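Visitor: The following file, target_4.pdb, comprises PDB, C-alpha atoms, pLDDT in the B column:
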ATOM      1  CA  GLY A1354      39.098  33.938  15.892  1.00 61.00           C
ATOM      2  CA  VAL A1355      36.054  32.100  17.153  1.00 64.00           C
ATOM      3  CA  THR A1356      34.681  33.702  20.287  1.00 76.00           C
ATOM      4  CA  GLN A1357      32.961  31.801  23.058  1.00 76.00           C
ATOM      5  CA  LYS A1358      29.696  33.526  22.124  1.00 73.00           C
ATOM      6  CA  ASN A1359      29.952  32.495  18.460  1.00 73.00           C
ATOM      7  CA  LEU A1360      30.849  28.927  19.436  1.00 75.00           C
ATOM      8  CA  VAL A1361      27.766  28.641  21.662  1.00 71.00           C
ATOM      9  CA  LYS A1362      25.628  30.037  18.831  1.00 71.00           C
ATOM     10  CA  LEU A1363      27.095  27.528  16.368  1.00 73.00           C
ATOM     11  CA  LEU A1364      26.453  24.615  18.737  1.00 74.00           C
ATOM     12  CA  LYS A1365      22.828  25.710  19.125  1.00 69.00           C
ATOM     13  CA  ILE A1366      22.399  25.820  15.333  1.00 70.00           C
ATOM     14  CA  LEU A1367      23.928  22.346  14.957  1.00 69.00           C
ATOM     15  CA  LYS A1368      21.671  20.978  17.706  1.00 65.00           C
ATOM     16  CA  LYS A1369      18.617  22.466  16.008  1.00 61.00           C
ATOM     17  CA  LEU A1370      19.595  21.005  12.647  1.00 61.00           C
ATOM     18  CA  ASN A1371      20.091  17.626  14.267  1.00 58.00           C
ATOM     19  CA  THR A1372      16.640  17.615  15.895  1.00 51.00           C
ATOM     20  CA  GLU A1373      14.643  19.305  13.134  1.00 48.00           C
ATOM     21  CA  ARG A1374      15.466  17.236  10.065  1.00 49.00           C
ATOM     22  CA  ASN A1375      12.397  18.062   7.992  1.00 46.00           C
ATOM     23  CA  TYR A1376      14.662  19.488   5.313  1.00 44.00           C
ATOM     24  CA  VAL A1377      15.901  15.974   4.476  1.00 52.00           C
ATOM     25  CA  VAL A1378      12.626  14.063   4.877  1.00 67.00           C
ATOM     26  CA  ASP A1379      11.746  12.077   1.767  1.00 77.00           C
ATOM     27  CA  PRO A1380       8.372  13.438   0.611  1.00 85.00           C
ATOM     28  CA  TYR A1381       7.705  10.201  -1.297  1.00 93.00           C
ATOM     29  CA  ASP A1382       4.449   8.616  -0.140  1.00 95.00           C
ATOM     30  CA  LYS A1383       1.739   6.267  -1.433  1.00 96.00           C
ATOM     31  CA  GLN A1384       0.364   8.897  -3.762  1.00 96.00           C
ATOM     32  CA  SER A1385       3.855   9.365  -5.217  1.00 96.00           C
ATOM     33  CA  MET A1386       4.121   5.595  -5.647  1.00 97.00           C
ATOM     34  CA  TYR A1387       0.804   5.339  -7.490  1.00 97.00           C
ATOM     35  CA  GLU A1388       1.760   8.282  -9.718  1.00 97.00           C
ATOM     36  CA  GLN A1389       5.180   6.822 -10.536  1.00 97.00           C
ATOM     37  CA  ILE A1390       3.688   3.447 -11.483  1.00 98.00           C
ATOM     38  CA  ALA A1391       1.060   5.164 -13.650  1.00 98.00           C
ATOM     39  CA  ASP A1392       3.874   6.973 -15.487  1.00 97.00           C
ATOM     40  CA  SER A1393       5.080   3.569 -16.723  1.00 97.00           C
ATOM     41  CA  SER A1394       1.648   2.727 -18.149  1.00 97.00           C
ATOM     42  CA  GLU A1395       0.031   3.577 -21.466  1.00 96.00           C
ATOM     43  CA  HIS A1396      -3.503   2.879 -20.254  1.00 96.00           C
ATOM     44  CA  LEU A1397      -3.743   3.428 -16.485  1.00 97.00           C
ATOM     45  CA  ASN A1398      -3.862   6.597 -14.400  1.00 97.00           C
ATOM     46  CA  PRO A1399      -2.827   6.994 -10.726  1.00 97.00           C
ATOM     47  CA  GLU A1400      -6.423   6.396  -9.587  1.00 97.00           C
ATOM     48  CA  ASP A1401      -6.415   3.025 -11.379  1.00 98.00           C
ATOM     49  CA  ILE A1402      -3.153   2.053  -9.666  1.00 98.00           C
ATOM     50  CA  ALA A1403      -4.560   3.110  -6.283  1.00 98.00           C
ATOM     51  CA  ALA A1404      -7.644   0.985  -6.999  1.00 98.00           C
ATOM     52  CA  PHE A1405      -5.416  -2.057  -7.605  1.00 98.00           C
ATOM     53  CA  ALA A1406      -3.739  -1.507  -4.229  1.00 97.00           C
ATOM     54  CA  GLY A1407      -7.137  -1.059  -2.588  1.00 97.00           C
ATOM     55  CA  VAL A1408      -8.567  -4.293  -3.990  1.00 96.00           C
ATOM     56  CA  GLU A1409      -5.382  -6.316  -3.444  1.00 94.00           C
ATOM     57  CA  SER A1410      -4.390  -5.227   0.071  1.00 94.00           C
ATOM     58  CA  GLU A1411      -6.639  -2.393   1.326  1.00 94.00           C
ATOM     59  CA  PHE A1412      -3.832   0.048   0.405  1.00 94.00           C
ATOM     60  CA  GLY A1413      -1.201  -1.951   2.267  1.00 91.00           C
ATOM     61  CA  LYS A1414      -3.228  -2.934   5.334  1.00 91.00           C
ATOM     62  CA  TYR A1415      -3.000  -6.587   4.317  1.00 86.00           C
ATOM     63  CA  ALA A1416       0.373  -6.519   2.582  1.00 82.00           C
ATOM     64  CA  GLU A1417       1.799  -9.641   4.247  1.00 80.00           C
ATOM     65  CA  PRO A1418       1.131 -13.121   2.791  1.00 65.00           C
ATOM     66  CA  LEU A1419      -2.219 -14.605   3.828  1.00 58.00           C
ATOM     67  CA  ASN A1420      -3.113 -18.252   4.471  1.00 57.00           C
ATOM     68  CA  GLY A1421       0.405 -19.502   3.826  1.00 56.00           C
ATOM     69  CA  GLY A1422       0.613 -17.835   0.411  1.00 63.00           C
ATOM     70  CA  SER A1423       3.684 -16.115  -0.958  1.00 74.00           C
ATOM     71  CA  ALA A1424       2.128 -12.989  -2.498  1.00 83.00           C
ATOM     72  CA  ARG A1425       3.084  -9.811  -0.672  1.00 85.00           C
ATOM     73  CA  GLY A1426       3.097  -6.033  -0.806  1.00 92.00           C
ATOM     74  CA  GLU A1427       0.364  -3.559  -1.676  1.00 94.00           C
ATOM     75  CA  PHE A1428      -0.112  -5.248  -5.048  1.00 96.00           C
ATOM     76  CA  GLN A1429       0.234  -8.851  -3.795  1.00 94.00           C
ATOM     77  CA  ILE A1430       2.998 -10.012  -6.121  1.00 93.00           C
ATOM     78  CA  MET A1431       4.175 -13.632  -5.923  1.00 90.00           C
ATOM     79  CA  GLN A1432       7.699 -14.151  -4.628  1.00 90.00           C
ATOM     80  CA  ASN A1433       9.056 -15.711  -7.823  1.00 91.00           C
ATOM     81  CA  THR A1434       7.584 -12.877  -9.898  1.00 92.00           C
ATOM     82  CA  LEU A1435       9.027 -10.351  -7.454  1.00 92.00           C
ATOM     83  CA  LYS A1436      12.545 -11.784  -7.789  1.00 94.00           C
ATOM     84  CA  TYR A1437      12.325 -11.893 -11.577  1.00 93.00           C
ATOM     85  CA  LEU A1438      11.033  -8.320 -11.893  1.00 94.00           C
ATOM     86  CA  SER A1439      13.569  -7.011  -9.379  1.00 95.00           C
ATOM     87  CA  LYS A1440      16.458  -8.484 -11.370  1.00 95.00           C
ATOM     88  CA  ARG A1441      15.021  -7.247 -14.658  1.00 94.00           C
ATOM     89  CA  ALA A1442      14.698  -3.732 -13.249  1.00 95.00           C
ATOM     90  CA  GLU A1443      18.338  -3.844 -12.122  1.00 96.00           C
ATOM     91  CA  ASP A1444      19.385  -5.038 -15.574  1.00 95.00           C
ATOM     92  CA  ASN A1445      17.516  -2.015 -16.962  1.00 92.00           C
ATOM     93  CA  GLY A1446      19.554   0.329 -14.780  1.00 95.00           C
ATOM     94  CA  LYS A1447      17.068   0.685 -11.905  1.00 95.00           C
ATOM     95  CA  PRO A1448      18.841  -0.480  -8.721  1.00 96.00           C
ATOM     96  CA  ARG A1449      16.983  -1.724  -5.662  1.00 95.00           C
ATOM     97  CA  GLU A1450      15.463   1.042  -3.502  1.00 96.00           C
ATOM     98  CA  ALA A1451      15.823   1.292   0.286  1.00 94.00           C
ATOM     99  CA  ASN A1452      12.458   3.035   0.628  1.00 94.00           C
ATOM    100  CA  PRO A1453       9.811   0.228   0.551  1.00 94.00           C
ATOM    101  CA  LEU A1454       7.334   2.349  -1.407  1.00 96.00           C
ATOM    102  CA  ARG A1455       9.941   3.308  -4.002  1.00 96.00           C
ATOM    103  CA  GLU A1456      10.899  -0.371  -4.264  1.00 96.00           C
ATOM    104  CA  GLN A1457       7.292  -1.382  -4.948  1.00 96.00           C
ATOM    105  CA  ALA A1458       7.083   1.336  -7.594  1.00 97.00           C
ATOM    106  CA  ARG A1459      10.313   0.079  -9.192  1.00 97.00           C
ATOM    107  CA  VAL A1460       8.925  -3.455  -9.497  1.00 97.00           C
ATOM    108  CA  MET A1461       5.385  -2.498 -10.530  1.00 97.00           C
ATOM    109  CA  SER A1462       6.789  -0.150 -13.173  1.00 97.00           C
ATOM    110  CA  GLU A1463       8.270  -3.266 -14.773  1.00 97.00           C
ATOM    111  CA  LEU A1464       5.122  -5.369 -14.347  1.00 97.00           C
ATOM    112  CA  ILE A1465       2.380  -3.027 -15.582  1.00 97.00           C
ATOM    113  CA  PRO A1466       3.947  -2.453 -19.045  1.00 97.00           C
ATOM    114  CA  GLN A1467       4.434  -6.230 -19.294  1.00 96.00           C
ATOM    115  CA  HIS A1468       0.730  -6.797 -18.572  1.00 96.00           C
ATOM    116  CA  GLU A1469      -0.201  -4.221 -21.208  1.00 97.00           C
ATOM    117  CA  LYS A1470       2.133  -5.664 -23.823  1.00 96.00           C
ATOM    118  CA  GLU A1471       0.652  -9.131 -23.305  1.00 96.00           C
ATOM    119  CA  LEU A1472      -2.884  -7.700 -23.438  1.00 97.00           C
ATOM    120  CA  SER A1473      -2.182  -6.099 -26.813  1.00 96.00           C
ATOM    121  CA  VAL A1474      -1.509  -9.631 -28.075  1.00 95.00           C
ATOM    122  CA  THR A1475      -4.446 -11.225 -26.230  1.00 96.00           C
ATOM    123  CA  LEU A1476      -7.031  -8.585 -27.165  1.00 95.00           C
ATOM    124  CA  GLY A1477      -5.474  -7.209 -30.350  1.00 94.00           C
ATOM    125  CA  PRO A1478      -3.200  -4.201 -31.018  1.00 90.00           C
ATOM    126  CA  ASP A1479      -6.149  -1.817 -31.463  1.00 91.00           C
ATOM    127  CA  ALA A1480      -8.017  -2.927 -28.316  1.00 92.00           C
ATOM    128  CA  ASP A1481      -9.061  -0.297 -25.797  1.00 94.00           C
ATOM    129  CA  ILE A1482      -7.331  -1.847 -22.776  1.00 96.00           C
ATOM    130  CA  SER A1483      -9.131  -1.100 -19.515  1.00 97.00           C
ATOM    131  CA  ALA A1484      -8.070  -1.189 -15.875  1.00 98.00           C
ATOM    132  CA  THR A1485     -10.259  -4.286 -15.501  1.00 98.00           C
ATOM    133  CA  ASP A1486      -8.339  -6.068 -18.262  1.00 98.00           C
ATOM    134  CA  VAL A1487      -5.012  -5.252 -16.614  1.00 98.00           C
ATOM    135  CA  TYR A1488      -6.314  -6.350 -13.210  1.00 98.00           C
ATOM    136  CA  VAL A1489      -7.408  -9.725 -14.615  1.00 97.00           C
ATOM    137  CA  LYS A1490      -3.844 -10.268 -15.872  1.00 96.00           C
ATOM    138  CA  HIS A1491      -2.441  -9.146 -12.536  1.00 95.00           C
ATOM    139  CA  ASN A1492      -4.760 -11.329 -10.474  1.00 94.00           C
ATOM    140  CA  LEU A1493      -4.736 -14.489 -12.591  1.00 95.00           C
ATOM    141  CA  GLY A1494      -1.333 -14.347 -14.275  1.00 90.00           C
ATOM    142  CA  GLY A1495      -0.498 -14.688 -17.941  1.00 88.00           C
ATOM    143  CA  GLY A1496      -2.025 -18.027 -18.932  1.00 93.00           C
ATOM    144  CA  MET A1497      -5.265 -18.000 -16.945  1.00 96.00           C
ATOM    145  CA  GLY A1498      -5.787 -14.285 -17.492  1.00 96.00           C
ATOM    146  CA  LYS A1499      -5.522 -14.806 -21.238  1.00 96.00           C
ATOM    147  CA  LYS A1500      -7.981 -17.713 -21.069  1.00 97.00           C
ATOM    148  CA  LEU A1501     -10.591 -15.693 -19.187  1.00 98.00           C
ATOM    149  CA  LEU A1502     -10.244 -12.574 -21.331  1.00 97.00           C
ATOM    150  CA  ARG A1503     -10.575 -14.546 -24.569  1.00 97.00           C
ATOM    151  CA  ALA A1504     -13.650 -16.446 -23.351  1.00 97.00           C
ATOM    152  CA  LYS A1505     -17.144 -15.518 -24.516  1.00 97.00           C
ATOM    153  CA  ASP A1506     -19.108 -13.262 -22.173  1.00 97.00           C
ATOM    154  CA  ALA A1507     -21.687 -15.969 -21.434  1.00 98.00           C
ATOM    155  CA  ALA A1508     -19.080 -18.664 -20.664  1.00 98.00           C
ATOM    156  CA  GLU A1509     -19.201 -20.140 -17.153  1.00 98.00           C
ATOM    157  CA  VAL A1510     -16.050 -19.337 -15.188  1.00 98.00           C
ATOM    158  CA  ALA A1511     -16.150 -22.875 -13.754  1.00 97.00           C
ATOM    159  CA  ASP A1512     -15.433 -24.061 -17.318  1.00 97.00           C
ATOM    160  CA  ILE A1513     -12.557 -21.580 -17.748  1.00 97.00           C
ATOM    161  CA  LEU A1514     -10.564 -21.483 -14.501  1.00 97.00           C
ATOM    162  CA  PRO A1515      -9.261 -24.307 -12.280  1.00 96.00           C
ATOM    163  CA  GLU A1516     -11.310 -25.051  -9.160  1.00 96.00           C
ATOM    164  CA  ASN A1517      -8.514 -24.076  -6.769  1.00 94.00           C
ATOM    165  CA  VAL A1518      -8.241 -20.608  -8.371  1.00 93.00           C
ATOM    166  CA  ILE A1519     -11.983 -20.055  -7.988  1.00 96.00           C
ATOM    167  CA  GLU A1520     -11.794 -21.211  -4.356  1.00 94.00           C
ATOM    168  CA  GLN A1521      -9.061 -18.646  -3.624  1.00 89.00           C
ATOM    169  CA  ASN A1522     -11.345 -15.788  -4.770  1.00 91.00           C
ATOM    170  CA  PRO A1523     -14.907 -17.148  -4.542  1.00 95.00           C
ATOM    171  CA  SER A1524     -16.546 -13.717  -4.218  1.00 95.00           C
ATOM    172  CA  ILE A1525     -15.099 -12.756  -7.607  1.00 96.00           C
ATOM    173  CA  TYR A1526     -15.264 -15.990  -9.580  1.00 97.00           C
ATOM    174  CA  GLU A1527     -17.609 -18.543  -8.020  1.00 97.00           C
ATOM    175  CA  GLY A1528     -20.887 -19.246  -9.830  1.00 97.00           C
ATOM    176  CA  LYS A1529     -20.382 -16.452 -12.357  1.00 98.00           C
ATOM    177  CA  THR A1530     -20.096 -16.045 -16.090  1.00 98.00           C
ATOM    178  CA  LYS A1531     -17.107 -14.257 -17.640  1.00 98.00           C
ATOM    179  CA  SER A1532     -19.261 -11.133 -18.124  1.00 98.00           C
ATOM    180  CA  GLN A1533     -20.359 -11.146 -14.468  1.00 98.00           C
ATOM    181  CA  VAL A1534     -16.750 -11.514 -13.307  1.00 98.00           C
ATOM    182  CA  MET A1535     -15.638  -8.527 -15.377  1.00 98.00           C
ATOM    183  CA  LYS A1536     -18.474  -6.416 -13.957  1.00 98.00           C
ATOM    184  CA  GLU A1537     -17.637  -7.522 -10.398  1.00 98.00           C
ATOM    185  CA  ILE A1538     -13.971  -6.572 -10.830  1.00 98.00           C
ATOM    186  CA  GLN A1539     -14.894  -3.222 -12.381  1.00 98.00           C
ATOM    187  CA  LYS A1540     -17.255  -2.505  -9.468  1.00 98.00           C
ATOM    188  CA  ARG A1541     -14.508  -3.241  -6.936  1.00 98.00           C
ATOM    189  CA  LEU A1542     -11.935  -1.131  -8.763  1.00 98.00           C
ATOM    190  CA  ASP A1543     -14.383   1.777  -9.017  1.00 97.00           C
ATOM    191  CA  LYS A1544     -15.132   1.574  -5.288  1.00 97.00           C
ATOM    192  CA  LYS A1545     -11.495   1.385  -4.144  1.00 96.00           C
ATOM    193  CA  GLY A1546     -10.368   4.023  -6.630  1.00 94.00           C
ATOM    194  CA  LYS A1547     -12.691   6.506  -4.904  1.00 95.00           C
ATOM    195  CA  GLU A1548     -11.530   5.559  -1.394  1.00 96.00           C
ATOM    196  CA  PHE A1549      -7.977   6.820  -1.804  1.00 95.00           C
ATOM    197  CA  LYS A1550      -7.960  10.601  -1.593  1.00 95.00           C
ATOM    198  CA  PHE A1551      -5.405  12.192  -3.898  1.00 95.00           C
ATOM    199  CA  GLU A1552      -3.982  15.505  -2.695  1.00 93.00           C
ATOM    200  CA  LYS A1553      -3.051  18.475  -4.853  1.00 88.00           C
ATOM    201  CA  ARG A1554       0.747  18.760  -4.977  1.00 81.00           C
ATOM    202  CA  GLY A1555       3.096  21.721  -5.164  1.00 69.00           C
ATOM    203  CA  PRO A1556       5.918  21.977  -7.719  1.00 63.00           C
ATOM    204  CA  LEU A1557       8.364  20.095  -5.465  1.00 60.00           C
ATOM    205  CA  ASP A1558       5.875  17.241  -4.881  1.00 56.00           C
ATOM    206  CA  PHE A1559       5.189  18.289  -1.282  1.00 53.00           C
ATOM    207  CA  LEU A1560       1.585  18.534  -0.138  1.00 52.00           C
ATOM    208  CA  GLU A1561       0.340  22.071  -0.545  1.00 49.00           C
ATOM    209  CA  GLU A1562      -0.791  23.784   2.627  1.00 47.00           C
TER     210      GLU A1562
END
Before anything else, please render the file you have as structure tokens.

Guide:
Amino acid sequence: GVTQKNLVKLLKILKKLNTERNYVVDPYDKQSMYEQIADSSEHLNPEDIAAFAGVESEFGKYAEPLNGGSARGEFQIMQNTLKYLSKRAEDNGKPREANPLREQARVMSELIPQHEKELSVTLGPDADISATDVYVKHNLGGGMGKKLLRAKDAAEVADILPENVIEQNPSIYEGKTKSQVMKEIQKRLDKKGKEFKFEKRGPLDFLEE
């Protein structure tokens, strides 16, 4: 039978398990999110994905909608786009995730391949698609992104994009040519890509000591 001593010992073990729950902690973090999204891409690596999050929201610092807008999350996705991608992911057998970072990865893993597929049409099937190209699609959307990417390098952005779009991102688009805009975006992506420090992972995806 169970002795009083064994019962006390068992209760202590249960108490310890209840207070020290590291064995069930989800190791999934922002690095895991960037890596998962990159796995869905043919052209981007985790550093590129991190750079997107850095430019769009300072890696989540400004994830809530600004100035009455509806874009949200680390990658600033519009609400209508978010709903559409979420449903499409579910239809593809990827149910909604409770973990907010996993949920963003689920949605972005639908969006990035879509951007790349559209870019292969816009730029040609043999084009060397860059992170800058994908970011233009992400930032401007399908129609306006296509218009900018197909424009000549010397074309004035004021002749390509609507005034209200330029006013929303004046430091990127205002008073520039298409070539200058592409260089500005590349510079920002390069800078933010270096800011996020990727850690070496162990075989179980935990940070190595």

Visitor: In Å, rounded to a single decimal, give me how far atom CA of A:Asp1481 is from atom CA of A:Asp1392.

Guide: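 Atom CA of A:Asp1392 sits 18.1 Å away from atom CA of A:Asp1481.
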
Visitor: Considering all atoms listed in the file, return as a VMD selection string whatever protein or nucleic-acid residues lie within 8 Å of A:Leu1397, sequence-local ones (same chain, fewer than 5 positions apart) excluded.

Guide: chain A and resid 1391 1402 1483 to 1484

Visitor: Contacts of stretch 1536-1551 of chain A at 12 Å or less, counting all atoms listed in the file, minus same-chain residues fewer than 6 places along, as a short mmCIF file (atom, residue, chain, number, x, y, z; two decimals) with C-alpha atoms, keeping the file's coordinate frame?

Guide:
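As written to disk, selection.cif reads:
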data_model
loop_
_atom_site.label_atom_id
_atom_site.label_comp_id
_atom_site.auth_asym_id
_atom_site.auth_seq_id
_atom_site.Cartn_x
_atom_site.Cartn_y
_atom_site.Cartn_z
CA ASP A 1382 4.45 8.62 -0.14
CA LYS A 1383 1.74 6.27 -1.43
CA GLN A 1384 0.36 8.90 -3.76
CA SER A 1385 3.86 9.36 -5.22
CA MET A 1386 4.12 5.60 -5.65
CA TYR A 1387 0.80 5.34 -7.49
CA GLU A 1388 1.76 8.28 -9.72
CA LEU A 1397 -3.74 3.43 -16.48
CA ASN A 1398 -3.86 6.60 -14.40
CA PRO A 1399 -2.83 6.99 -10.73
CA GLU A 1400 -6.42 6.40 -9.59
CA ASP A 1401 -6.42 3.02 -11.38
CA ILE A 1402 -3.15 2.05 -9.67
CA ALA A 1403 -4.56 3.11 -6.28
CA ALA A 1404 -7.64 0.98 -7.00
CA PHE A 1405 -5.42 -2.06 -7.60
CA ALA A 1406 -3.74 -1.51 -4.23
CA GLY A 1407 -7.14 -1.06 -2.59
CA VAL A 1408 -8.57 -4.29 -3.99
CA GLU A 1409 -5.38 -6.32 -3.44
CA SER A 1410 -4.39 -5.23 0.07
CA GLU A 1411 -6.64 -2.39 1.33
CA PHE A 1412 -3.83 0.05 0.40
CA GLY A 1413 -1.20 -1.95 2.27
CA SER A 1483 -9.13 -1.10 -19.52
CA ALA A 1484 -8.07 -1.19 -15.88
CA THR A 1485 -10.26 -4.29 -15.50
CA ASP A 1486 -8.34 -6.07 -18.26
CA VAL A 1487 -5.01 -5.25 -16.61
CA TYR A 1488 -6.31 -6.35 -13.21
CA VAL A 1489 -7.41 -9.72 -14.62
CA LYS A 1490 -3.84 -10.27 -15.87
CA HIS A 1491 -2.44 -9.15 -12.54
CA ASN A 1492 -4.76 -11.33 -10.47
CA ASP A 1506 -19.11 -13.26 -22.17
CA ASN A 1522 -11.34 -15.79 -4.77
CA PRO A 1523 -14.91 -17.15 -4.54
CA SER A 1524 -16.55 -13.72 -4.22
CA ILE A 1525 -15.10 -12.76 -7.61
CA TYR A 1526 -15.26 -15.99 -9.58
CA GLU A 1527 -17.61 -18.54 -8.02
CA LYS A 1529 -20.38 -16.45 -12.36
CA THR A 1530 -20.10 -16.05 -16.09
CA LEU A 1560 1.58 18.53 -0.14
CA GLU A 1561 0.34 22.07 -0.55
#

Visitor: From the options A:Lys1470, A:Lys1358, A:Lys1531, A:Lys1499, which residue's atoms come nearest to A:Ala1511, counting only C-alpha atoms?

Guide: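 Nearest to A:Ala1511: A:Lys1531.
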
Visitor: For the structure shown, which residues end up in the PyMOL selection byres ((chain A and resi 1496) around 12)? Put them as a short mmCIF file (atom, residue, chain, number, x, y, z; two decimals) with C-alpha atoms, in the coordinates of the input, please?

Guide:
data_model
loop_
_atom_site.label_atom_id
_atom_site.label_comp_id
_atom_site.auth_asym_id
_atom_site.auth_seq_id
_atom_site.Cartn_x
_atom_site.Cartn_y
_atom_site.Cartn_z
CA HIS A 1468 0.73 -6.80 -18.57
CA GLU A 1471 0.65 -9.13 -23.30
CA LEU A 1472 -2.88 -7.70 -23.44
CA THR A 1475 -4.45 -11.22 -26.23
CA VAL A 1489 -7.41 -9.72 -14.62
CA LYS A 1490 -3.84 -10.27 -15.87
CA HIS A 1491 -2.44 -9.15 -12.54
CA ASN A 1492 -4.76 -11.33 -10.47
CA LEU A 1493 -4.74 -14.49 -12.59
CA GLY A 1494 -1.33 -14.35 -14.28
CA GLY A 1495 -0.50 -14.69 -17.94
CA MET A 1497 -5.26 -18.00 -16.94
CA GLY A 1498 -5.79 -14.28 -17.49
CA LYS A 1499 -5.52 -14.81 -21.24
CA LYS A 1500 -7.98 -17.71 -21.07
CA LEU A 1501 -10.59 -15.69 -19.19
CA LEU A 1502 -10.24 -12.57 -21.33
CA ARG A 1503 -10.58 -14.55 -24.57
CA ILE A 1513 -12.56 -21.58 -17.75
CA LEU A 1514 -10.56 -21.48 -14.50
CA PRO A 1515 -9.26 -24.31 -12.28
#

Visitor: A:Asn1452: which residues within 10 Å, counting only C-alpha atoms, same-chain residues fewer than 6 positions away excluded, as an MDAnalysis selection string?

Guide: chainID A and resid 1379 1381:1382 1458

Visitor: Measuring atom to atom with only C-alpha atoms, identify which of A:Ile1519, A:Leu1360, A:Val1460, A:Ile1366 is nearest to A:Gln1389.

Guide: A:Val1460

Visitor: I'd like the neighbourhood of A:Glu1456 as a ChimeraX atom specification, where a residue qualifies if any of its atoms comes within 10 Å (using only C-alpha atoms), though same-chain residues fewer than 6 positions away should be ignored.

Guide: /A:1386,1439,1447-1450,1462

Visitor: For stretch 1431-1457 of chain A versus stretch 1422-1426 of chain A, which residues have an atom no more than 8 Å away, and what is each residue's nearest atom pair and distance in Å rounded to one decimal, using all atoms listed in the file, chain-then-number order, as CSV?

Guide:
residue,atom,partner,partner_atom,distance
A:Met1431,CA,A:Ala1424,CA,4.0
A:Gln1432,CA,A:Ser1423,CA,5.8
A:Gln1457,CA,A:Gly1426,CA,7.5

Visitor: So which one's closest to A:Arg1455, A:Gly1528, A:Leu1364, A:Lys1436, A:Ile1390? Using all atoms listed in the file, please.

Guide: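 The shortest atom-to-atom distance to A:Arg1455 comes from A:Ile1390.
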
Visitor: What is the atom CA of A:Arg1459-atom CA of A:Glu1417 distance in Å, reported with one decimal?

Guide: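 A separation of 18.6 Å between them.
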
Visitor: Measure the distance from atom CA of A:Ala1504 to atom CA of A:Glu1463 in Å and round it to one decimal.

Guide: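 So the answer is 27.0 Å.
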
Visitor: Using only C-alpha atoms, which residues sit within 9 Å of A:Leu1438 once same-chain residues fewer than 3 positions away are excluded, as an MDAnalysis selection string?

Guide: chainID A and resid 1433:1435 1441:1443 1459:1461 1463:1464

Visitor: Ranking A:Lys1362, A:Lys1505, A:Ile1430, A:Ala1480 by minimum distance to A:Ser1532 and counting only C-alpha atoms, which one comes first?

Guide: A:Lys1505
